[in-house]
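Asks: Quick one: the structure is below, questions incoming.
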Amino acid sequence: MKKLYIKIVTAFLLSLTLSWAYLVMPQAFFSLDKRLRDFMFVLRGELPKNNSVVIIDIDEKSLKKYGQWPWHRDLFAELLNRLSEGGAGIIGLDIVFAEEDSSSPHQFEKYLDSTKNLPNFDEILARSLTQTPTIGGYILTFEPNGEDRTPMIPAVFLQKGMGLGETSLLKPTGIVLNLELLQDSFYSSGFFNNTPDEGGMIRSVPLVMEYDGVIYSSLALEMIRIYSQQNKVTIIGDDIGVSSVEFGKFKIPTDKYGRLVVNFRGAGKYFQHISASDILSGDYNRSDIEAKFVLVGTSAVGLFDLRSIPFDNTIAGVEVHANVIDNILQGDFLSQPSEIVIYDLLVIWTIIFLFLLLFSFIGSWLIVPFAVVILYGLYTLSFYMLFTQGIVFNLLFPFVAYVLTLISSVGIDYFIESGQRKKINTMLGKKVSPAVRDYLLEHSDEHLAKPKEKMVTIFFSDIRSFTTISEVIGSPVRLIAMLNTYMTPMVENIVKYHGTIDKFIGDAIMAYWNAPIDIENHADKALQSAIEQIEMLKSVNAQITPEYNVTIDIGIGIHTGVVTAGDMGAEGRSDYTIIGDNVNLASRLEGLTKQYGAQILISKITYSLLQESYKIRPIDLVEVKGKSEAVEIFEVICSNKTILDEEMQMYEKATKYFRDSDVKDAYKLYLMLEEKYPSKLYALYVQRCEHFINNPEVEFTQILKMTTK
């Protein structure tokens, strides 16, 4: 009963949260929803072909034969004449002739000593337009361009239905018309705008738009209207927006802006394409264009009329109009009702309550197969609603609702039924670190914690001048409180990067990566954690300094090597830890940070394992106490320490001189560095160079031997 009550409350809160998210959903989420729908188009595949629409393609073949675009207008007139002679039912131009034909012979009359009237190609095209069933195209823009002409509307009345809001239709502010001679010669015309979404994908196309107070139809809609011999088109809607465009037997559902959600038939070349060169040469079958909707456009790459649709990223723009015409003729529309928000919210609430309660009565071992079956059922239902019923529901939020419902149900079951496990965790947590505890619980095998050799990255950090800090603070209680303030975010950061806290040694922290469980790129994770800890000191000191009148600075040493890792200690009281020379070396590196004035020092092996990019410079070759072999160490430069490129280049050059035994040249550069950029590192190298210069009998060595820890 308690579980059921919790699930009902959870369902209510989850429904409210997702409803709020849906209503204030940023555009990025709409894009995800549309991409899911695009994927469903791909899963559906192409629809059976329909032969009502054909495309006359000014393709690469045509351009190769008749020259680059734009063609002479008399050639285009010939193309229209050939189409008309071939019995084309109606011709739509996905082309706008906005300027005079500059290649027309009559343009050169003033340069010729002739009284003959030379041909005017624009007039030739205009005569063809008046003698062929051609519908012109033009462009509506959303930026004013100073054009004061408007398209001709012959014997047709486009009107708003009762109750349609004034702001529903798209309202462009500019227009690109054909040359006046040509525009007036068309039987009719329509805009051929393709309006892509934010990502450049065309999913919907406006059928009507309002320009300068008058409603105009698209090229595809105008071709259908003329085909149906209707003189009146009505836009139906209400205060929310447009719901449909109607004329004759056609009732075309739209979104609230008067756009048709296109039910794309397939990828590019789905509709029959006939090369314009074949029409001009007569090399085609009359049956291919007779009594059909003929669209003239281009697929040539150089003419830049390529678009993206769910099926294809490079489809010719004219094919979008072909899809719209075919949608209207077939009547298999996709619609997004103006009240779609209510439907989407209802679906979200239903999914959450239904499945959260359903999962309450299913055994845990059945949840996964049930979840898969239900997910497939939701997919099938979405597919049916989209392509059979033609309703465009939101796909993203129902899916998110289902996933969150499943996660919430499993989570509630887990937290309610895991009381005993929590008790065991608490008991085990007193003996071992959290990482080891989880590892042992997951792999309950008595040999898992058995000591074995492992390559790990070891981390030591220590507070600088801790004795002085202790004296300033004075009170042991306040000192512990200060340490807790410092260590809590540092420990959280180590855990964030999947490290294991081994122990606290006074003011020092020891941690390691890649044990007991394998950690990918463990050297990078250890270093990234170290860098963040250095950068976190500013915010940590912002808390500590006002309260305790001290400022914390730390040094960090990191080394990678093979150690012995396992459960160690006394019988009845043991812990998972690591031991070995490499642990000691990591500790020595932390100690060396004080001598070199560095914040982070790493060994060469750690440096060689790094996969990411960092600002690192070589520091020295050191033979630490207790080791007979020298170790090369590197300094990691954090963002709070500025080293200019000039300084870095000088340092690298000086270090090369020093390691090549050229002590005098190295000395000059180190001295310049120390004077210009004072630091412990440069002062140390100046002293070492002076030692060898002043004592020539001493054999030079680039290795610094440490006699203390």
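Residue numbering restarts at 1 in every chain; chains get A, B, ... in the order shown in the structure tokens, and ligands count up from 1 in that same order.
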So which residues touch A:Pro310 within 8 Å, counting only C-alpha atoms, skipping near sequence neighbours fewer than 5 positions away, as a PyMOL selection string?
Replies: chain A and resi 38-39+41-42+201-203+264
Asks: Restrict the selected residues to C-alpha atoms and save them as a PDB file, in the first residue's frame.
Replies:
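Okay, selection-v6.pdb is ready:
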```
ATOM      1  CA  ASP A  38      12.156  11.957 -39.703  1.00  0.00           C
ATOM      2  CA  PHE A  39      13.483   8.585 -38.588  1.00  0.00           C
ATOM      3  CA  PHE A  41       9.764   8.288 -42.376  1.00  0.00           C
ATOM      4  CA  VAL A  42      12.941   6.343 -43.082  1.00  0.00           C
ATOM      5  CA  MET A 201      15.229  20.573 -43.033  1.00  0.00           C
ATOM      6  CA  ILE A 202      11.984  21.072 -44.976  1.00  0.00           C
ATOM      7  CA  ARG A 203       9.108  19.372 -43.195  1.00  0.00           C
ATOM      8  CA  PHE A 264       7.005  12.925 -48.279  1.00  0.00           C
TER       9      PHE A 264
END
```
Asks: Mind checking DSSP for stretch 312-352 of chain A and telling me the strand (DSSP E or B) residues as a PDB file with C-alpha atoms, in the first residue's frame?
Replies:
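The new file selection.pdb reads:
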```pdb
ATOM      1  CA  ASP A 312      17.286  12.868 -48.523  1.00  0.00           C
ATOM      2  CA  ASN A 313      19.742  15.685 -47.748  1.00  0.00           C
ATOM      3  CA  THR A 314      20.127  16.793 -51.394  1.00  0.00           C
ATOM      4  CA  ILE A 315      16.747  16.805 -53.068  1.00  0.00           C
ATOM      5  CA  ALA A 316      15.830  19.292 -55.805  1.00  0.00           C
ATOM      6  CA  LEU A 334      -0.373  14.630 -42.182  1.00  0.00           C
ATOM      7  CA  SER A 335      -2.107  17.138 -39.933  1.00  0.00           C
TER       8      SER A 335
END
```
Asks: Kindly indicate which residue among A:Leu381, A:Ile412, A:Leu358, A:Ala530 lies nearest to A:Pro398, using only C-alpha atoms for the distances.
Replies: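 Under the stated criterion, the closest residue is A:Leu381.
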Asks: What's the 12 Å shell around stretch 76-82 of chain A, counting only C-alpha atoms, without same-chain residues fewer than 5 positions away, as an mmCIF file with C-alpha atoms, in the first residue's frame?
Replies:
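And here's around-v8.cif as it stands now:
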```cif
data_model
loop_
_atom_site.group_PDB
_atom_site.id
_atom_site.type_symbol
_atom_site.label_atom_id
_atom_site.label_comp_id
_atom_site.auth_asym_id
_atom_site.auth_seq_id
_atom_site.Cartn_x
_atom_site.Cartn_y
_atom_site.Cartn_z
ATOM 1 C CA ILE A 56 11.001 18.548 -66.256
ATOM 2 C CA ASP A 57 14.543 18.818 -64.999
ATOM 3 C CA ILE A 58 17.011 21.473 -66.119
ATOM 4 C CA SER A 62 20.561 20.008 -70.292
ATOM 5 C CA TYR A 66 22.248 24.098 -74.220
ATOM 6 C CA TRP A 69 21.768 28.998 -66.889
ATOM 7 C CA PRO A 70 20.016 31.347 -67.453
ATOM 8 C CA TRP A 71 19.080 30.171 -70.932
ATOM 9 C CA GLY A 87 -0.339 17.464 -73.965
ATOM 10 C CA ALA A 88 0.873 18.661 -70.556
ATOM 11 C CA ILE A 90 -0.817 22.117 -66.419
ATOM 12 C CA ILE A 91 2.717 23.490 -66.186
ATOM 13 C CA GLY A 92 4.170 25.034 -63.029
ATOM 14 C CA LEU A 93 7.423 26.990 -63.033
ATOM 15 C CA ILE A 95 11.625 29.560 -61.580
ATOM 16 C CA PHE A 97 12.382 35.641 -64.285
ATOM 17 C CA ASP A 101 16.972 38.723 -70.781
ATOM 18 C CA ASN A 120 12.908 40.353 -78.151
ATOM 19 C CA PHE A 121 13.292 37.033 -76.319
ATOM 20 C CA ASP A 122 11.165 38.261 -73.392
ATOM 21 C CA GLU A 123 8.286 38.964 -75.805
ATOM 22 C CA ILE A 124 8.734 35.543 -77.379
ATOM 23 C CA LEU A 125 8.493 33.937 -73.925
ATOM 24 C CA ALA A 126 5.479 36.093 -73.026
ATOM 25 C CA ARG A 127 3.631 34.848 -76.165
ATOM 26 C CA SER A 128 4.387 31.274 -75.157
ATOM 27 C CA LEU A 129 3.068 31.922 -71.660
ATOM 28 C CA THR A 130 -0.243 33.177 -73.055
ATOM 29 C CA GLN A 131 -0.543 30.140 -75.375
ATOM 30 C CA THR A 132 0.389 27.384 -72.899
ATOM 31 C CA PRO A 133 -1.173 26.172 -69.631
ATOM 32 C CA THR A 134 1.670 27.679 -67.592
ATOM 33 C CA ILE A 135 1.458 28.829 -63.981
ATOM 34 C CA GLY A 136 4.224 31.197 -62.964
ATOM 35 C CA LEU A 182 6.036 37.987 -68.164
ATOM 36 C CA SER A 275 15.585 16.038 -68.832
ATOM 37 C CA ALA A 276 14.649 19.407 -70.371
ATOM 38 C CA SER A 277 17.075 18.560 -73.188
ATOM 39 C CA ASP A 278 14.986 15.477 -74.051
ATOM 40 C CA ILE A 279 11.823 17.587 -74.268
ATOM 41 C CA LEU A 280 13.556 20.085 -76.550
ATOM 42 C CA SER A 281 14.937 17.312 -78.767
ATOM 43 C CA GLY A 282 11.646 15.383 -78.767
ATOM 44 C CA ASP A 283 13.266 12.311 -77.249
ATOM 45 C CA TYR A 284 10.446 11.383 -74.838
ATOM 46 C CA ARG A 286 4.055 11.687 -74.991
ATOM 47 C CA ILE A 289 3.550 14.240 -69.729
ATOM 48 C CA GLU A 290 0.098 14.044 -71.285
ATOM 49 C CA VAL A 294 4.262 19.187 -65.012
ATOM 50 C CA LEU A 295 6.743 21.046 -62.828
ATOM 51 C CA VAL A 296 9.761 22.746 -64.389
ATOM 52 C CA GLY A 297 12.761 23.086 -62.084
#
```
Asks: Need the shell around A:Pro172: protein/DNA/RNA residues with any atom at most 7 Å away, counting only C-alpha atoms. Skip same-chain ones fewer than 2 positions apart. Format as a PyMOL selection string?
Replies: chain A and resi 140-142+170+174+210-211
Asks: Could you save the residues just selected, with C-alpha atoms, as a short mmCIF file (atom, residue, chain, number, x, y, z; two decimals), in the first residue's frame?
Replies:
```cif
data_model
loop_
_atom_site.label_atom_id
_atom_site.label_comp_id
_atom_site.auth_asym_id
_atom_site.auth_seq_id
_atom_site.Cartn_x
_atom_site.Cartn_y
_atom_site.Cartn_z
CA LEU A 140 7.71 36.06 -51.01
CA THR A 141 10.40 37.30 -48.63
CA PHE A 142 10.44 38.39 -45.01
CA LEU A 170 2.53 34.06 -42.23
CA GLY A 174 8.82 41.59 -49.55
CA GLU A 210 -0.74 37.14 -46.54
CA TYR A 211 1.17 39.90 -48.33
#
```
Asks: Fewer than 5 positions away in the same chain doesn't count, so skip those; otherwise give me all residues within 12 Å of A:Phe399, counting only C-alpha atoms, as a ChimeraX atom specification.
Replies: /A:18,32-33,36,344,347-348,351-352,374-379,382,393-394,404-406
Asks: Can I get the selected residues back with C-alpha atoms, as a tab-separated table (two decimals), in the first residue's frame?
Replies:
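The resulting file, part-v3.tsv, is reproduced below:
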```
chain	number	residue	atom	x	y	z
A	18	LEU	CA	6.86	16.98	-17.98
A	32	LEU	CA	14.69	16.39	-31.43
A	33	ASP	CA	11.01	15.60	-31.82
A	36	LEU	CA	12.41	11.27	-34.37
A	344	ASP	CA	0.02	15.73	-26.34
A	347	VAL	CA	-0.87	11.27	-23.91
A	348	ILE	CA	1.90	12.21	-21.46
A	351	ILE	CA	1.49	7.00	-20.24
A	352	ILE	CA	2.86	8.01	-16.84
A	374	ILE	CA	5.40	-1.93	-24.29
A	375	LEU	CA	8.04	0.18	-26.02
A	376	TYR	CA	7.41	-1.69	-29.26
A	377	GLY	CA	3.68	-1.20	-28.76
A	378	LEU	CA	4.15	2.55	-28.31
A	379	TYR	CA	6.26	2.67	-31.46
A	382	SER	CA	2.90	6.17	-33.01
A	393	PHE	CA	1.66	13.99	-32.28
A	394	ASN	CA	4.74	14.89	-30.30
A	404	LEU	CA	11.13	8.23	-16.82
A	405	THR	CA	8.15	6.16	-15.73
A	406	LEU	CA	10.15	2.96	-16.09
```
Asks: Could you please write out, as an NGL selection string, every residue of stretch 470-685 of chain A that DSSP assigns to alpha helix (DSSP H)?
Replies: :A and (470-473 or 476-496 or 522-548 or 581-596 or 604-609 or 645-659 or 663-676 or 680-685)
Asks: Using C-alpha atoms, can you write the selected residues to a file as a CSV table (one decimal), in the first residue's frame?
Replies:
```csv
chain,number,residue,atom,x,y,z
A,470,SER,CA,48.0,25.2,13.4
A,471,GLU,CA,49.7,27.9,15.6
A,472,VAL,CA,47.5,30.7,14.1
A,473,ILE,CA,44.3,28.8,14.6
A,476,PRO,CA,42.3,21.9,18.1
A,477,VAL,CA,38.5,21.9,17.6
A,478,ARG,CA,38.7,24.9,15.2
A,479,LEU,CA,41.7,23.2,13.4
A,480,ILE,CA,39.7,20.1,12.8
A,481,ALA,CA,36.7,22.1,11.6
A,482,MET,CA,39.0,24.0,9.2
A,483,LEU,CA,40.4,20.7,7.8
A,484,ASN,CA,36.9,19.4,7.3
A,485,THR,CA,36.0,22.5,5.3
A,486,TYR,CA,39.1,22.0,3.1
A,487,MET,CA,39.0,18.2,2.7
A,488,THR,CA,35.3,17.7,2.0
A,489,PRO,CA,35.3,19.3,-1.5
A,490,MET,CA,38.7,17.8,-2.3
A,491,VAL,CA,37.5,14.3,-1.4
A,492,GLU,CA,34.3,14.8,-3.4
A,493,ASN,CA,36.4,15.9,-6.4
A,494,ILE,CA,38.6,12.7,-6.2
A,495,VAL,CA,35.4,10.6,-6.0
A,496,LYS,CA,34.0,12.6,-9.0
A,522,HIS,CA,43.4,6.6,-14.9
A,523,ALA,CA,46.5,8.9,-15.2
A,524,ASP,CA,44.3,11.6,-16.9
A,525,LYS,CA,41.6,11.3,-14.3
A,526,ALA,CA,44.1,11.6,-11.4
A,527,LEU,CA,45.7,14.7,-13.1
A,528,GLN,CA,42.3,16.3,-13.9
A,529,SER,CA,41.3,15.9,-10.3
A,530,ALA,CA,44.5,17.5,-9.1
A,531,ILE,CA,44.2,20.4,-11.4
A,532,GLU,CA,40.6,21.0,-10.3
A,533,GLN,CA,41.7,20.8,-6.6
A,534,ILE,CA,44.3,23.6,-7.2
A,535,GLU,CA,41.7,25.7,-8.9
A,536,MET,CA,39.1,25.0,-6.1
A,537,LEU,CA,41.5,26.5,-3.5
A,538,LYS,CA,40.2,30.0,-4.3
A,539,SER,CA,36.6,29.2,-3.4
A,540,VAL,CA,37.8,27.1,-0.4
A,541,ASN,CA,39.9,30.0,0.9
A,542,ALA,CA,36.9,32.3,0.5
A,543,GLN,CA,35.3,30.3,3.3
A,544,ILE,CA,38.4,29.6,5.4
A,545,THR,CA,40.2,32.9,5.4
A,546,PRO,CA,37.5,35.1,6.9
A,547,GLU,CA,36.7,32.5,9.6
A,548,TYR,CA,40.2,31.3,10.5
A,581,ASP,CA,58.1,1.6,-3.6
A,582,ASN,CA,55.9,3.4,-6.1
A,583,VAL,CA,53.7,4.6,-3.3
A,584,ASN,CA,56.7,6.1,-1.5
A,585,LEU,CA,57.9,7.7,-4.8
A,586,ALA,CA,54.5,9.5,-5.2
A,587,SER,CA,54.8,10.8,-1.6
A,588,ARG,CA,58.4,12.0,-2.4
A,589,LEU,CA,57.1,13.9,-5.5
A,590,GLU,CA,54.6,15.7,-3.3
A,591,GLY,CA,57.4,16.7,-1.0
A,592,LEU,CA,59.4,18.1,-3.9
A,593,THR,CA,56.7,20.6,-4.8
A,594,LYS,CA,58.0,22.8,-1.9
A,595,GLN,CA,61.6,22.8,-3.1
A,596,TYR,CA,60.6,23.6,-6.7
A,604,LYS,CA,57.7,10.6,-16.4
A,605,ILE,CA,55.7,7.4,-16.5
A,606,THR,CA,52.5,9.3,-15.6
A,607,TYR,CA,53.4,11.9,-18.2
A,608,SER,CA,53.8,9.2,-20.9
A,609,LEU,CA,50.3,7.8,-20.1
A,645,ASP,CA,55.3,31.8,-24.1
A,646,GLU,CA,58.5,33.9,-23.9
A,647,GLU,CA,59.2,32.6,-20.4
A,648,MET,CA,58.4,29.0,-21.4
A,649,GLN,CA,60.7,29.2,-24.5
A,650,MET,CA,63.6,30.7,-22.5
A,651,TYR,CA,63.2,28.0,-19.8
A,652,GLU,CA,63.1,25.1,-22.3
A,653,LYS,CA,66.2,26.5,-24.0
A,654,ALA,CA,68.0,26.9,-20.6
A,655,THR,CA,67.1,23.4,-19.5
A,656,LYS,CA,68.4,21.9,-22.8
A,657,TYR,CA,71.7,23.7,-22.3
A,658,PHE,CA,71.9,22.4,-18.7
A,659,ARG,CA,71.1,18.8,-19.7
A,663,VAL,CA,76.3,25.1,-17.8
A,664,LYS,CA,77.5,28.6,-18.6
A,665,ASP,CA,74.9,29.2,-21.3
A,666,ALA,CA,72.3,27.7,-19.1
A,667,TYR,CA,73.4,29.9,-16.2
A,668,LYS,CA,72.9,33.1,-18.3
A,669,LEU,CA,69.4,32.1,-19.3
A,670,TYR,CA,68.4,31.0,-15.8
A,671,LEU,CA,69.8,34.3,-14.4
A,672,MET,CA,67.7,36.2,-16.8
A,673,LEU,CA,64.6,34.1,-15.9
A,674,GLU,CA,65.2,34.7,-12.2
A,675,GLU,CA,65.6,38.4,-12.6
A,676,LYS,CA,62.5,38.8,-14.9
A,680,LYS,CA,62.1,29.0,-6.6
A,681,LEU,CA,62.8,26.9,-9.6
A,682,TYR,CA,64.9,29.4,-11.4
A,683,ALA,CA,66.8,30.3,-8.2
A,684,LEU,CA,67.5,26.6,-7.6
A,685,TYR,CA,69.0,26.2,-11.1
```
Asks: Taking into account only C-alpha atoms, which residue in the set A:Ser168, A:Ser603, A:Asn117, A:Ser287 is nearest to A:Val622?
Replies: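 Comparing A:Ser168, A:Ser603, A:Asn117, A:Ser287 against A:Val622, the winner is A:Ser603.
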Asks: Between A:Ala291, A:Ile252, A:Ile558, A:Val176, which residue has the minimum interatomic distance to A:Ser52, considering only C-alpha atoms?
Replies: A:Ala291
Asks: Hey, can you check how far atom CA of A:Ala565 sits from atom CA of A:Ile501?
Replies: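 A separation of 13.5 Å between them.
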Asks: What is the atom CA of A:Val562 to atom CA of A:Lys454 distance in Å?
Replies: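 Value for the atom CA of A:Val562-atom CA of A:Lys454 distance: 5.3 Å.
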Asks: What separation in Å, quoted to one decimal, exists between atom CA of A:Asp660 and atom CA of A:Leu644?
Replies: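 Pair atom CA of A:Asp660 / atom CA of A:Leu644 returns 24.4 Å.
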Asks: Restricting the calculation to only C-alpha atoms: of A:Ile215, A:Leu395, A:Ala220, A:Gln336, which residue gets closest to A:Thr234?
Replies: A:Ile215
Asks: Rank nothing, just name the residue among A:Glu699, A:Arg149, A:Thr10, A:Met568 nearest to A:Gly411, using only C-alpha atoms.
Replies: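 Using only C-alpha atoms, the shortest distance to A:Gly411 belongs to A:Thr10.
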Asks: Counting only C-alpha atoms, what is within 7 Å of A:Gly555, bar same-chain residues fewer than 6 positions away, as a PyMOL selection string?
Replies: chain A and resi 461-464+590+593+599-600
Asks: Using only C-alpha atoms, which residues sit within 12 Å of A:Tyr257 once same-chain residues fewer than 6 positions away are excluded, as a VMD selection string?
Replies: chain A and resid 164 to 171 204 to 210 235 to 245 336 to 338
Asks: Emit the selected residues as a CSV table (one decimal), in the first residue's frame, including N, CA and C atoms.
Replies:
```csv
chain,number,residue,atom,x,y,z
A,164,LEU,N,-11.2,33.3,-37.7
A,164,LEU,CA,-9.7,33.1,-37.9
A,164,LEU,C,-9.0,34.4,-37.4
A,165,GLY,N,-8.0,34.2,-36.5
A,165,GLY,CA,-7.3,35.3,-35.9
A,165,GLY,C,-6.5,36.1,-37.0
A,166,GLU,N,-6.3,37.3,-36.7
A,166,GLU,CA,-5.6,38.2,-37.6
A,166,GLU,C,-4.1,37.8,-37.8
A,167,THR,N,-3.5,37.2,-36.8
A,167,THR,CA,-2.1,37.0,-36.8
A,167,THR,C,-1.7,35.5,-37.2
A,168,SER,N,-2.7,34.7,-37.6
A,168,SER,CA,-2.5,33.3,-37.9
A,168,SER,C,-1.6,33.1,-39.1
A,169,LEU,N,-1.8,33.7,-40.2
A,169,LEU,CA,-1.1,33.4,-41.4
A,169,LEU,C,0.3,34.1,-41.4
A,170,LEU,N,1.2,33.5,-42.1
A,170,LEU,CA,2.5,34.1,-42.2
A,170,LEU,C,2.4,35.3,-43.1
A,171,LYS,N,3.1,36.4,-42.7
A,171,LYS,CA,3.0,37.7,-43.4
A,171,LYS,C,4.3,38.2,-43.8
A,204,SER,N,7.5,21.2,-43.6
A,204,SER,CA,6.2,21.7,-43.9
A,204,SER,C,6.4,22.9,-44.9
A,205,VAL,N,5.3,23.1,-45.6
A,205,VAL,CA,5.3,24.1,-46.7
A,205,VAL,C,4.1,25.0,-46.6
A,206,PRO,N,4.2,26.3,-46.6
A,206,PRO,CA,3.1,27.2,-46.6
A,206,PRO,C,2.2,27.1,-47.8
A,207,LEU,N,0.9,26.9,-47.6
A,207,LEU,CA,0.0,26.8,-48.8
A,207,LEU,C,-0.5,28.2,-49.1
A,208,VAL,N,-0.7,29.0,-48.1
A,208,VAL,CA,-1.2,30.4,-48.2
A,208,VAL,C,-0.3,31.3,-47.3
A,209,MET,N,-0.1,32.6,-47.8
A,209,MET,CA,0.5,33.6,-47.0
A,209,MET,C,-0.2,34.9,-47.3
A,210,GLU,N,-0.1,35.8,-46.4
A,210,GLU,CA,-0.7,37.1,-46.5
A,210,GLU,C,0.3,38.2,-46.8
A,235,ILE,N,-9.9,29.8,-46.2
A,235,ILE,CA,-9.0,29.4,-45.1
A,235,ILE,C,-9.8,29.3,-43.8
A,236,ILE,N,-9.9,28.1,-43.3
A,236,ILE,CA,-10.7,27.9,-42.1
A,236,ILE,C,-9.8,27.9,-40.8
A,237,GLY,N,-10.3,28.4,-39.8
A,237,GLY,CA,-9.6,28.4,-38.5
A,237,GLY,C,-10.3,29.1,-37.4
A,238,ASP,N,-9.6,29.4,-36.3
A,238,ASP,CA,-10.2,30.0,-35.2
A,238,ASP,C,-9.2,30.9,-34.6
A,239,ASP,N,-9.4,31.4,-33.3
A,239,ASP,CA,-8.4,32.3,-32.7
A,239,ASP,C,-7.1,31.6,-32.5
A,240,ILE,N,-7.0,30.3,-32.4
A,240,ILE,CA,-5.8,29.6,-32.2
A,240,ILE,C,-4.9,29.7,-33.5
A,241,GLY,N,-5.6,29.5,-34.6
A,241,GLY,CA,-4.9,29.5,-35.9
A,241,GLY,C,-5.6,28.8,-37.0
A,242,VAL,N,-5.0,28.6,-38.1
A,242,VAL,CA,-5.6,28.0,-39.3
A,242,VAL,C,-5.7,26.5,-39.0
A,243,SER,N,-6.8,25.9,-39.5
A,243,SER,CA,-7.0,24.4,-39.4
A,243,SER,C,-7.0,23.8,-40.7
A,244,SER,N,-7.5,24.5,-41.8
A,244,SER,CA,-7.6,23.8,-43.1
A,244,SER,C,-7.7,24.9,-44.2
A,245,VAL,N,-7.3,24.5,-45.4
A,245,VAL,CA,-7.6,25.3,-46.6
A,245,VAL,C,-8.5,24.5,-47.5
A,336,GLN,N,-1.6,18.5,-38.1
A,336,GLN,CA,-1.3,18.9,-36.7
A,336,GLN,C,-2.4,19.8,-36.2
A,337,PRO,N,-3.4,19.2,-35.6
A,337,PRO,CA,-4.6,20.1,-35.2
A,337,PRO,C,-4.1,21.2,-34.3
A,338,SER,N,-4.9,22.3,-34.3
A,338,SER,CA,-4.6,23.5,-33.5
A,338,SER,C,-4.6,23.1,-32.0
```
Asks: Go through A:Asp662, A:Asp575, A:Glu319, A:Glu246 and flag the residue nearest A:His273, using only C-alpha atoms for the distances.
Replies: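 Looking at the shortest contact to A:His273, the residue is A:Glu319.
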